[in-house]
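A.B. asks: Contents are CSV, C-alpha atoms and all ligand atoms; file name protein-v4.csv:
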chain,number,residue,atom,x,y,z
I,1034,MET,CA,-94.4,60.2,98.7
I,1035,VAL,CA,-97.2,59.3,101.1
I,1036,TYR,CA,-98.5,62.9,100.8
I,1037,LEU,CA,-98.5,62.6,96.9
I,1038,TRP,CA,-100.4,59.3,97.0
I,1039,SER,CA,-103.0,60.8,99.3
I,1040,VAL,CA,-103.5,63.8,97.0
I,1041,LEU,CA,-103.8,61.5,93.9
I,1042,CYS,CA,-106.3,59.2,95.7
I,1043,PHE,CA,-108.4,62.1,96.9
I,1044,SER,CA,-108.5,63.7,93.4
I,1045,GLY,CA,-109.3,60.4,91.8
I,1046,LEU,CA,-112.2,59.8,94.2
I,1047,THR,CA,-113.5,63.3,93.7
I,1048,VAL,CA,-113.5,62.9,89.9
I,1049,ALA,CA,-115.1,59.4,90.1
I,1050,LEU,CA,-117.8,60.8,92.4
I,1051,ALA,CA,-118.6,63.7,90.0
I,1052,ILE,CA,-118.9,61.3,87.1
I,1053,TRP,CA,-121.1,58.9,89.1
I,1054,LEU,CA,-123.4,61.8,90.1
I,1055,MET,CA,-123.6,63.0,86.5
I,1056,ILE,CA,-124.5,59.5,85.2
I,1057,SER,CA,-127.0,58.8,88.0
I,1058,GLU,CA,-128.7,62.2,87.5
I,1059,ARG,CA,-129.0,61.4,83.8
I,1060,LEU,CA,-130.4,57.9,84.3
I,1061,LEU,CA,-132.3,58.1,87.5
I,1062,VAL,CA,-133.6,61.6,88.1
I,1063,ASP,CA,-136.8,62.6,86.3
I,1064,TYR,CA,-137.6,66.3,86.7
I,1065,GLY,CA,-140.9,65.8,84.9
I,1066,VAL,CA,-142.6,68.7,83.2
I,1067,CYS,CA,-141.5,72.2,84.3
I,1068,LYS,CA,-142.9,75.6,83.5
I,1069,LEU,CA,-140.5,77.9,81.5
I,1070,ASP,CA,-141.8,81.4,81.8
I,1071,ILE,CA,-140.4,84.0,79.4
I,1072,ASN,CA,-140.8,87.7,80.1
I,1073,ALA,CA,-143.4,87.4,82.9
I,1074,GLY,CA,-146.1,85.5,81.0
I,1075,GLU,CA,-145.3,86.8,77.5
I,1076,LYS,CA,-144.4,83.3,76.3
I,1077,PRO,CA,-145.2,80.5,78.9
I,1078,LEU,CA,-144.0,77.1,77.9
I,1079,GLU,CA,-144.3,73.6,79.4
I,1080,VAL,CA,-141.0,71.7,78.9
I,1081,ASP,CA,-139.4,68.4,80.0
I,1082,GLY,CA,-136.9,69.0,82.8
I,1083,GLY,CA,-133.4,67.7,82.7
I,1084,ARG,CA,-132.0,69.5,79.7
I,1085,THR,CA,-130.1,72.8,79.5
I,1086,LEU,CA,-132.0,76.1,79.2
I,1087,LEU,CA,-130.2,76.7,75.9
I,1088,SER,CA,-131.2,73.4,74.2
I,1089,THR,CA,-134.7,73.7,75.6
I,1090,LEU,CA,-135.1,77.2,74.2
I,1091,TYR,CA,-133.6,76.0,70.9
I,1092,ALA,CA,-136.1,73.1,70.7
I,1093,ASN,CA,-138.9,75.7,71.1
I,1094,GLU,CA,-137.4,77.8,68.3
I,1095,ILE,CA,-136.0,80.5,70.5
I,1096,PHE,CA,-132.4,81.0,69.3
I,1097,ILE,CA,-130.0,82.5,71.8
I,1098,PRO,CA,-126.5,83.4,70.5
I,1099,SER,CA,-124.0,80.7,71.0
I,1100,ALA,CA,-120.6,80.3,69.3
I,1101,CYS,CA,-119.3,77.2,71.1
I,1102,GLY,CA,-122.3,74.8,70.6
I,1103,GLY,CA,-123.3,75.0,74.3
I,1104,LYS,CA,-119.9,73.9,75.6
I,1105,GLY,CA,-119.6,76.9,78.0
I,1106,SER,CA,-116.5,78.3,76.3
I,1107,CYS,CA,-117.8,81.4,74.4
I,1108,GLY,CA,-119.9,83.4,76.9
I,1109,HIS,CA,-122.4,84.4,74.2
I,1110,CYS,CA,-125.5,82.7,75.6
I,1111,LYS,CA,-126.2,85.1,78.5
I,1112,ILE,CA,-129.8,85.6,79.5
I,1113,THR,CA,-131.5,86.8,82.7
I,1114,VAL,CA,-132.9,84.1,85.0
I,1115,THR,CA,-135.0,85.6,87.7
I,1116,ALA,CA,-135.9,82.4,89.5
I,1117,GLY,CA,-135.5,78.6,89.3
I,1118,GLY,CA,-131.9,78.6,87.8
I,1119,GLY,CA,-130.2,77.3,90.9
I,1120,PRO,CA,-126.8,78.7,92.1
I,1121,VAL,CA,-124.3,80.2,89.6
I,1122,LEU,CA,-121.9,77.5,88.6
I,1123,SER,CA,-118.1,77.6,88.6
I,1124,THR,CA,-118.3,77.0,84.8
I,1125,GLU,CA,-120.2,80.3,84.4
I,1126,THR,CA,-118.2,82.7,86.6
I,1127,PRO,CA,-115.3,83.2,84.1
I,1128,TYR,CA,-117.8,84.7,81.7
I,1129,LEU,CA,-119.9,86.8,84.1
I,1130,ALA,CA,-118.9,90.1,85.7
I,1131,ARG,CA,-119.9,90.6,89.3
I,1132,LYS,CA,-122.4,93.2,88.2
I,1133,GLU,CA,-123.9,90.7,85.7
I,1134,ILE,CA,-124.2,88.0,88.4
I,1135,ARG,CA,-126.0,90.6,90.6
I,1136,SER,CA,-128.4,91.3,87.7
I,1137,ASN,CA,-129.2,87.5,87.5
I,1138,LEU,CA,-127.5,87.0,84.2
I,1139,ARG,CA,-126.6,83.3,83.5
I,1140,LEU,CA,-125.1,81.2,80.7
I,1141,ALA,CA,-128.1,79.5,79.2
I,1142,CYS,CA,-126.0,76.5,78.2
I,1143,GLN,CA,-124.9,75.8,81.8
I,1144,VAL,CA,-128.3,76.2,83.5
I,1145,LYS,CA,-130.2,73.0,83.8
I,1146,ILE,CA,-134.0,73.0,84.0
I,1147,ARG,CA,-134.8,71.1,87.2
I,1148,GLU,CA,-137.9,73.1,88.4
I,1149,ASP,CA,-140.1,75.9,87.2
I,1150,ILE,CA,-137.9,78.6,85.8
I,1151,TYR,CA,-138.4,82.3,85.0
I,1152,VAL,CA,-136.3,84.1,82.4
I,1153,ARG,CA,-136.2,87.4,80.6
I,1154,ILE,CA,-135.2,87.5,76.9
I,1155,PRO,CA,-134.9,90.7,74.9
I,1156,SER,CA,-137.7,91.1,72.3
I,1157,ASP,CA,-135.0,91.3,69.5
I,1158,LEU,CA,-134.0,87.7,70.4
I,1159,LEU,CA,-137.5,86.5,70.4
I,1160,ASN,CA,-137.8,87.7,66.8
I,1161,VAL,CA,-134.7,85.7,65.7
I,1162,ARG,CA,-135.7,83.0,63.1
I,1163,MET,CA,-134.2,79.9,61.6
I,1164,PHE,CA,-133.6,80.4,57.8
I,1165,THR,CA,-133.1,77.9,55.1
I,1166,SER,CA,-131.1,79.2,52.1
I,1167,THR,CA,-129.3,78.0,48.9
I,1168,VAL,CA,-125.8,79.0,48.0
I,1169,GLU,CA,-126.2,81.3,45.0
I,1170,SER,CA,-122.5,82.2,44.4
I,1171,ILE,CA,-119.1,81.8,45.8
I,1172,VAL,CA,-116.2,84.2,45.0
I,1173,ASP,CA,-112.6,83.9,46.1
I,1174,LEU,CA,-111.8,87.4,47.4
I,1175,THR,CA,-108.2,86.5,48.5
I,1176,HIS,CA,-106.3,83.3,48.9
I,1177,ASP,CA,-108.1,82.6,52.2
I,1178,ILE,CA,-111.3,84.8,52.1
I,1179,LYS,CA,-114.4,83.9,50.2
I,1180,GLU,CA,-117.6,85.8,49.6
I,1181,ILE,CA,-120.6,83.5,49.9
I,1182,ARG,CA,-124.0,84.6,48.8
I,1183,LEU,CA,-127.0,82.8,50.2
I,1184,ARG,CA,-130.4,83.1,48.6
I,1185,LEU,CA,-133.2,82.8,51.2
I,1186,GLU,CA,-135.8,80.1,50.7
I,1187,GLU,CA,-137.8,79.8,54.0
I,1188,PRO,CA,-138.5,82.4,55.2
I,1189,ASP,CA,-137.6,84.2,51.9
I,1190,GLN,CA,-136.8,87.6,53.4
I,1191,ILE,CA,-134.8,88.8,56.4
I,1192,SER,CA,-135.2,92.1,58.1
I,1193,HIS,CA,-131.9,93.2,59.7
I,1194,ARG,CA,-130.0,96.3,60.6
I,1195,PRO,CA,-126.6,97.1,59.1
I,1196,GLY,CA,-123.9,95.7,61.3
I,1197,GLN,CA,-125.9,92.6,62.6
I,1198,TYR,CA,-124.8,89.0,62.2
I,1199,VAL,CA,-126.3,85.5,61.6
I,1200,GLN,CA,-125.3,82.2,63.1
I,1201,VAL,CA,-124.6,79.5,60.5
I,1202,GLN,CA,-125.4,75.9,61.5
I,1203,ALA,CA,-122.5,73.6,60.7
I,1204,PRO,CA,-123.1,69.9,60.4
I,1205,SER,CA,-122.7,68.0,63.7
I,1206,LEU,CA,-123.6,64.6,65.0
I,1207,GLU,CA,-124.3,65.9,68.5
I,1208,GLU,CA,-125.8,69.2,69.6
I,1209,PRO,CA,-126.3,71.8,66.8
I,1210,VAL,CA,-123.1,73.8,66.2
I,1211,PHE,CA,-123.4,77.5,65.2
I,1212,ARG,CA,-120.8,80.0,64.2
I,1213,ALA,CA,-121.4,83.7,63.9
I,1214,TYR,CA,-120.8,85.7,60.7
I,1215,SER,CA,-121.6,89.4,60.0
I,1216,ILE,CA,-124.0,90.1,57.1
I,1217,SER,CA,-122.1,91.9,54.4
I,1218,SER,CA,-125.0,92.5,52.0
I,1219,PRO,CA,-127.0,95.7,52.4
I,1220,VAL,CA,-130.4,95.8,54.1
I,1221,TYR,CA,-132.1,96.7,50.9
I,1222,GLU,CA,-131.5,93.2,49.5
I,1223,PRO,CA,-133.8,91.3,51.9
I,1224,ASN,CA,-133.8,88.1,49.9
I,1225,LEU,CA,-130.2,87.3,50.4
I,1226,VAL,CA,-127.5,87.1,53.0
I,1227,GLU,CA,-123.9,87.6,51.9
I,1228,LEU,CA,-121.0,86.5,54.1
I,1229,VAL,CA,-117.3,87.3,53.9
I,1230,VAL,CA,-115.5,84.3,55.5
I,1231,ARG,CA,-111.8,83.8,56.2
I,1232,LEU,CA,-110.7,80.2,56.4
I,1233,VAL,CA,-109.5,79.3,59.9
I,1234,PRO,CA,-107.5,76.0,59.7
I,1235,GLY,CA,-109.4,73.4,61.7
I,1236,GLY,CA,-112.3,75.9,62.3
I,1237,ILE,CA,-115.7,74.1,62.2
I,1238,GLY,CA,-117.7,77.0,60.7
I,1239,SER,CA,-115.2,78.4,58.2
I,1240,THR,CA,-114.2,74.9,56.9
I,1241,TYR,CA,-117.8,74.0,56.3
I,1242,LEU,CA,-118.5,77.3,54.5
I,1243,HIS,CA,-115.3,77.2,52.4
I,1244,ASP,CA,-116.2,73.6,51.2
I,1245,LEU,CA,-119.7,74.5,50.1
I,1246,GLN,CA,-120.8,74.3,46.4
I,1247,VAL,CA,-123.3,76.4,44.6
I,1248,GLY,CA,-126.8,75.0,45.0
I,1249,GLU,CA,-126.2,73.5,48.5
I,1250,THR,CA,-128.5,74.2,51.4
I,1251,VAL,CA,-127.4,76.3,54.4
I,1252,ASN,CA,-129.3,76.8,57.6
I,1253,PHE,CA,-128.7,79.8,59.8
I,1254,THR,CA,-130.4,81.8,62.6
I,1255,GLY,CA,-130.6,85.5,63.0
I,1256,PRO,CA,-130.4,88.4,62.9
I,1257,TYR,CA,-128.4,89.1,66.1
I,1258,GLY,CA,-126.2,92.0,67.5
I,1259,GLU,CA,-126.3,95.4,68.9
I,1260,PHE,CA,-123.4,96.8,66.8
I,1261,VAL,CA,-125.6,98.6,64.4
I,1262,LEU,CA,-125.6,101.8,62.3
I,1263,THR,CA,-127.1,104.8,63.9
I,1264,GLU,CA,-130.2,106.1,62.1
I,1265,ASN,CA,-129.1,109.8,62.7
I,1266,PRO,CA,-127.8,110.9,59.3
I,1267,SER,CA,-125.9,113.9,60.8
I,1268,VAL,CA,-123.5,111.4,62.6
I,1269,GLU,CA,-120.3,111.0,60.5
I,1270,ILE,CA,-119.3,107.3,60.2
I,1271,VAL,CA,-115.7,106.1,60.3
I,1272,CYS,CA,-115.2,102.4,59.5
I,1273,VAL,CA,-111.8,100.9,60.3
I,1274,GLY,CA,-110.8,97.3,59.8
I,1275,GLY,CA,-109.0,94.6,57.8
I,1276,GLY,CA,-109.6,91.0,56.5
I,1277,CYS,CA,-113.1,89.6,57.0
I,1278,GLY,CA,-113.8,92.6,59.3
I,1279,MET,CA,-114.9,94.1,56.0
I,1280,ALA,CA,-118.3,92.3,56.2
I,1281,PRO,CA,-120.3,94.6,58.5
I,1282,MET,CA,-118.5,97.7,57.0
I,1283,LYS,CA,-119.7,96.8,53.5
I,1284,ASN,CA,-123.2,96.4,54.7
I,1285,ILE,CA,-123.1,99.7,56.6
I,1286,ILE,CA,-121.5,101.7,53.7
I,1287,PHE,CA,-123.8,100.5,50.9
I,1288,THR,CA,-126.9,100.9,53.1
I,1289,ILE,CA,-125.8,104.5,54.0
I,1290,TYR,CA,-125.5,105.6,50.4
I,1291,ASN,CA,-128.8,103.9,49.4
I,1292,LYS,CA,-130.6,105.8,52.1
I,1293,TRP,CA,-128.6,109.0,52.7
I,1294,PRO,CA,-126.7,109.9,49.5
I,1295,ASP,CA,-125.0,112.9,51.2
I,1296,ARG,CA,-124.0,111.3,54.5
I,1297,SER,CA,-120.4,111.6,55.5
I,1298,CYS,CA,-118.5,108.3,55.8
I,1299,TRP,CA,-114.8,107.2,55.8
I,1300,LEU,CA,-113.6,103.7,55.1
I,1301,PHE,CA,-110.1,102.7,56.3
I,1302,PHE,CA,-109.1,99.2,55.3
I,1303,GLY,CA,-105.8,97.6,56.2
I,1304,CYS,CA,-104.1,94.9,54.1
I,1305,ARG,CA,-100.7,93.3,54.4
I,1306,THR,CA,-100.0,93.0,50.6
I,1307,THR,CA,-101.7,93.7,47.3
I,1308,LYS,CA,-102.9,90.1,47.4
I,1309,ASP,CA,-105.1,90.9,50.4
I,1310,ILE,CA,-106.9,93.8,48.6
I,1311,PHE,CA,-110.6,93.2,47.8
I,1312,TYR,CA,-113.7,95.4,47.0
I,1313,LEU,CA,-111.5,98.4,46.3
I,1314,GLU,CA,-112.9,99.0,42.9
I,1315,GLN,CA,-116.5,98.8,44.2
I,1316,PHE,CA,-115.8,101.4,46.9
I,1317,GLU,CA,-113.9,103.7,44.5
I,1318,LYS,CA,-116.9,103.6,42.2
I,1319,LEU,CA,-119.2,104.5,45.1
I,1320,ALA,CA,-116.8,107.3,46.1
I,1321,LYS,CA,-117.1,108.9,42.6
I,1322,LYS,CA,-120.9,109.0,43.0
I,1323,HIS,CA,-120.9,110.3,46.6
I,1324,THR,CA,-118.4,113.0,47.3
I,1325,ASN,CA,-118.8,112.6,51.1
I,1326,PHE,CA,-117.5,109.1,51.0
I,1327,HIS,CA,-113.8,108.6,51.4
I,1328,VAL,CA,-111.8,105.4,50.9
I,1329,VAL,CA,-108.4,104.7,52.3
I,1330,TYR,CA,-106.7,101.3,51.8
I,1331,ALA,CA,-103.2,100.9,53.2
I,1332,LEU,CA,-100.6,98.1,52.8
I,1333,SER,CA,-98.6,97.2,56.0
I,1334,ASP,CA,-95.9,94.9,54.4
I,1335,LYS,CA,-93.0,96.2,52.4
I,1336,LEU,CA,-93.8,96.1,48.7
I,1337,ASP,CA,-92.2,93.4,46.5
I,1338,LYS,CA,-90.3,94.6,43.5
I,1339,ASN,CA,-93.1,93.4,41.2
I,1340,GLU,CA,-96.0,94.8,43.3
I,1341,LYS,CA,-97.6,98.0,42.0
I,1342,TRP,CA,-99.4,100.2,44.6
I,1343,ALA,CA,-99.9,103.9,44.5
I,1344,GLY,CA,-102.0,104.0,47.7
I,1345,GLU,CA,-101.0,104.4,51.3
I,1346,THR,CA,-98.5,102.3,53.2
I,1347,GLY,CA,-98.2,101.5,56.9
I,1348,PHE,CA,-100.6,100.4,59.6
I,1349,ILE,CA,-104.2,101.5,59.0
I,1350,HIS,CA,-104.7,103.0,62.4
I,1351,LEU,CA,-101.9,105.5,61.6
I,1352,GLU,CA,-103.9,106.5,58.5
I,1353,VAL,CA,-106.9,107.2,60.7
I,1354,ASP,CA,-104.7,109.4,63.0
I,1355,LYS,CA,-103.6,111.4,59.9
O,1401,LIG,S1,-123.1,78.7,74.2
O,1401,LIG,FE1,-121.0,79.2,74.5
O,1401,LIG,S2,-120.9,79.7,76.6
O,1401,LIG,FE2,-123.0,79.1,76.4
Give the structure from this file in structure tokens form.

C.D. replies:
Amino acid sequence: MVYLWSVLCFSGLTVALAIWLMISERLLVDYGVCKLDINAGEKPLEVDGGRTLLSTLYANEIFIPSACGGKGSCGHCKITVTAGGGPVLSTETPYLARKEIRSNLRLACQVKIREDIYVRIPSDLLNVRMFTSTVESIVDLTHDIKEIRLRLEEPDQISHRPGQYVQVQAPSLEEPVFRAYSISSPVYEPNLVELVVRLVPGGIGSTYLHDLQVGETVNFTGPYGEFVLTENPSVEIVCVGGGCGMAPMKNIIFTIYNKWPDRSCWLFFGCRTTKDIFYLEQFEKLAKKHTNFHVVYALSDKLDKNEKWAGETGFIHLEVDK
């Protein structure tokens, strides 16, 4: 019993001390103006110390991927900090491999600016912009997936590669909250960004997007991502997915046949029932025009008596094996 009380008292004191340190740092410590050097002098900034690297970069219109709103729970905000970042924190280690720690990768949302700091950011990320757009149309693709088309206002064009994604800003009273969605519209439509969004019950991003009305304003940053279509037309492309995994595949396929009409490409799309099928007609039309494009949809659930389906059945990865 005495042992239990000692452990409880010790834990309580430790937590109280941590809270006291956090509050006193916020109220009493002034880190003044610090230098934030990006890519060895490419973009030197003077910033107020005391905030996280992620929010300081955001305030200076440098948008690092972040899917958890800076809470340290997504691991997306990795950047290289060559000096001034302090020791790696225990909140970062679950998201960083040993090799990444050795290469000075850090979670930008966990690193606080307390002194001059030196970071390296890939040039692709320095080109990421904040976009303002208007909802042009909303289509129910299935009972829980919507297609949302956003007409760009400012800037009015986006330059992206097929397979990349944007981060939509969901309304929030605290720090900005962003959620990532692949761009499903092809790259030859630079004035719009189309998203295919599945409603996740309680999800901040998908609930916001599913509640939108035509004409409303949506802000997002982008483009992001290294999962992109190879520019070598002799490489055959095989796309396999289901649900809202359709988004990057649609972008890739329509971009391919706009640019390389004879390129070889397969689409394998898995659905549970006929109610989950979407875009099939569009792809069948495309396949009639381009003989090197092959479309395979498969249903994994047993068909109901009233369901009509002449296509494949079973899990989609088995169709790929065939
Ligand atoms: S923003 Fe999610 S871990 Fe840093």

A.B. asks: Determine the nearest neighbour of ligand LIG 1401 (chain O) from the options I:Tyr1128, I:Tyr1330, I:Tyr1064, I:Phe1348, counting all atoms listed in the file.

C.D. replies: I:Tyr1128

A.B. asks: So, with only C-alpha atoms and all ligand atoms as the atoms that count, which of I:Ile1285, I:Leu1129, I:Leu1206, I:Val1161 lies closest to ligand LIG 1401 (chain O)?

C.D. replies: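 Going through I:Ile1285, I:Leu1129, I:Leu1206, I:Val1161 one by one, the smallest distance to ligand LIG 1401 (chain O) is for I:Leu1129.
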
A.B. asks: Report as a Markdown table the residues of segment 1307-1341 of chain I within 12 Å of segment 1220-1239 of chain I, each with its shortest atom pair and distance in Å (one decimal), using only C-alpha atoms, ordered by chain and increasing residue number.

C.D. replies:
| residue | atom | partner | partner_atom | distance |
| --- | --- | --- | --- | --- |
| I:Asp1309 | CA | I:Arg1231 | CA | 11.4 |
| I:Phe1311 | CA | I:Val1229 | CA | 10.8 |
| I:Tyr1312 | CA | I:Val1229 | CA | 11.2 |

A.B. asks: Got time to write the residues from that selection, C-alpha atoms, as a PDB file, keeping the file's coordinate frame?

C.D. replies:
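Output saved as again.pdb:
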ATOM      1  CA  ASP I1309    -105.100  90.900  50.400  1.00  0.00           C
ATOM      2  CA  PHE I1311    -110.600  93.200  47.800  1.00  0.00           C
ATOM      3  CA  TYR I1312    -113.700  95.400  47.000  1.00  0.00           C
TER       4      TYR I1312
END

A.B. asks: Please indicate the distance in Å from atom CA of His1327 of chain I to atom CA of Thr1263 of chain I, rounded to one decimal place.

C.D. replies: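 Atom CA of His1327 of chain I sits 18.6 Å away from atom CA of Thr1263 of chain I.
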
A.B. asks: What is the atom CA of Lys1308 of chain I to atom CA of Val1251 of chain I distance in Å?

C.D. replies: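 Separation between atom CA of Lys1308 of chain I and atom CA of Val1251 of chain I: 29.0 Å.
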
A.B. asks: Please list as a list in words every residue within 7 Å of segment 1269-1282 of chain I, counting all atoms listed in the file and excluding residues in the same chain fewer than 4 positions away.

C.D. replies: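 My list of contacting residues is Pro1195, Gly1196, Ser1215, Ile1216, Ser1217, Leu1228, Val1229, Val1230, Arg1231, Ile1286, Ser1297, Cys1298, Trp1299, Leu1300, Phe1301, Phe1302, Gly1303 and Cys1304 of chain I.
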
A.B. asks: For a quick check of understanding, using all atoms listed in the file, which of I:Arg1182, I:Lys1068, I:His1243, I:Lys1145 has the smallest distance to ligand LIG 1401 (chain O)?

C.D. replies: I:Lys1145

A.B. asks: Which of these residues is nearest to ligand LIG 1401 (chain O), using only C-alpha atoms and all ligand atoms: I:Ala1141, I:Ala1116, I:Ile1310, I:Leu1086?

C.D. replies: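 Result for the nearest residue to ligand LIG 1401 (chain O): I:Ala1141.
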
A.B. asks: What gap, in Å, lies between atom CA of Asp1063 of chain I and atom CA of Cys1107 of chain I?

C.D. replies: 29.3 Å

A.B. asks: Compute the set of protein, DNA and RNA residues whose minimum atom distance to ligand LIG 1401 (chain O) is at most 8 Å, using all atoms listed in the file, and state it as a PyMOL selection string.

C.D. replies: chain I and resi 1087+1098-1111+1125+1128+1140-1143

A.B. asks: From the list I:Tyr1091, I:Trp1342, I:Phe1316, I:Tyr1257, which residue is nearest Tyr1198 of chain I when using all atoms listed in the file?

C.D. replies: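 Of I:Tyr1091, I:Trp1342, I:Phe1316, I:Tyr1257, the one nearest Tyr1198 of chain I, counting all atoms listed in the file, is I:Tyr1257.
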
A.B. asks: Given the point (-127.4, 87.6, 89.5) in the coordinates of this file, which residues lie within 12 Å, counting only C-alpha atoms, and how would they look as number ranges by chain?

C.D. replies: I: 1111-1116, 1118-1122, 1125-1126, 1129-1140, 1152

A.B. asks: Which one is closest to Phe1096 of chain I: I:Lys1076, I:Arg1162, I:Lys1283, I:Arg1147? Count all atoms listed in the file.

C.D. replies: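 The closest residue to Phe1096 of chain I is I:Arg1162.
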
A.B. asks: Near Asn1072 of chain I, counting all atoms listed in the file, which residues have an atom at most 9 Å away, once you skip same-chain residues fewer than 4 positions from it, shown as a list in words?

C.D. replies: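 Residues meeting the cut-off are Lys1076, Pro1077, Tyr1151, Val1152, Arg1153, Ile1154 and Pro1155 of chain I.
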
A.B. asks: Env of Ser1166 of chain I: 8 Å cut, atoms = all atoms listed in the file, seq-sep filter 6 positions within chain, self excluded. Answer as a count of residues only.

C.D. replies: 8

A.B. asks: Considering only C-alpha atoms, return as a PyMOL selection string whatever protein or nucleic-acid residues lie within 10 Å of Arg1296 of chain I, sequence-local ones (same chain, fewer than 3 positions apart) excluded.

C.D. replies: chain I and resi 1265-1270+1286+1289-1290+1292-1293+1323-1326

A.B. asks: As a short mmCIF file (atom, residue, chain, number, x, y, z; two decimals), in the frame of the given file, could you write out segment 1286-1303 of chain I once it has been completed with N, CA and C atoms?

C.D. replies:
data_model
loop_
_atom_site.label_atom_id
_atom_site.label_comp_id
_atom_site.auth_asym_id
_atom_site.auth_seq_id
_atom_site.Cartn_x
_atom_site.Cartn_y
_atom_site.Cartn_z
N ILE I 1286 -121.85 100.66 54.71
CA ILE I 1286 -121.50 101.70 53.70
C ILE I 1286 -122.57 101.70 52.57
N PHE I 1287 -122.87 100.52 52.04
CA PHE I 1287 -123.80 100.50 50.90
C PHE I 1287 -125.23 100.86 51.39
N THR I 1288 -125.57 100.50 52.62
CA THR I 1288 -126.90 100.90 53.10
C THR I 1288 -126.94 102.41 53.31
N ILE I 1289 -125.86 103.01 53.83
CA ILE I 1289 -125.80 104.50 54.00
C ILE I 1289 -126.11 105.18 52.69
N TYR I 1290 -125.38 104.80 51.62
CA TYR I 1290 -125.50 105.60 50.40
C TYR I 1290 -126.75 105.25 49.59
N ASN I 1291 -127.46 104.19 49.98
CA ASN I 1291 -128.80 103.90 49.40
C ASN I 1291 -129.80 104.85 50.06
N LYS I 1292 -129.61 105.10 51.36
CA LYS I 1292 -130.60 105.80 52.10
C LYS I 1292 -130.30 107.32 52.29
N TRP I 1293 -129.01 107.63 52.49
CA TRP I 1293 -128.60 109.00 52.70
C TRP I 1293 -127.45 109.36 51.76
N PRO I 1294 -127.74 109.74 50.50
CA PRO I 1294 -126.70 109.90 49.50
C PRO I 1294 -125.61 110.95 49.90
N ASP I 1295 -125.94 111.88 50.82
CA ASP I 1295 -125.00 112.90 51.20
C ASP I 1295 -124.29 112.69 52.51
N ARG I 1296 -124.56 111.56 53.14
CA ARG I 1296 -124.00 111.30 54.50
C ARG I 1296 -122.49 111.18 54.43
N SER I 1297 -121.83 111.67 55.47
CA SER I 1297 -120.40 111.60 55.50
C SER I 1297 -119.88 110.30 56.07
N CYS I 1298 -118.97 109.64 55.37
CA CYS I 1298 -118.50 108.30 55.80
C CYS I 1298 -117.04 108.11 55.33
N TRP I 1299 -116.20 107.54 56.18
CA TRP I 1299 -114.80 107.20 55.80
C TRP I 1299 -114.66 105.68 55.96
N LEU I 1300 -113.96 105.08 55.00
CA LEU I 1300 -113.60 103.70 55.10
C LEU I 1300 -112.07 103.58 55.15
N PHE I 1301 -111.51 103.02 56.22
CA PHE I 1301 -110.10 102.70 56.30
C PHE I 1301 -109.91 101.23 56.34
N PHE I 1302 -109.21 100.68 55.35
CA PHE I 1302 -109.10 99.20 55.30
C PHE I 1302 -107.61 98.83 55.18
N GLY I 1303 -107.16 98.03 56.13
CA GLY I 1303 -105.80 97.60 56.20
C GLY I 1303 -105.53 96.27 55.55
#
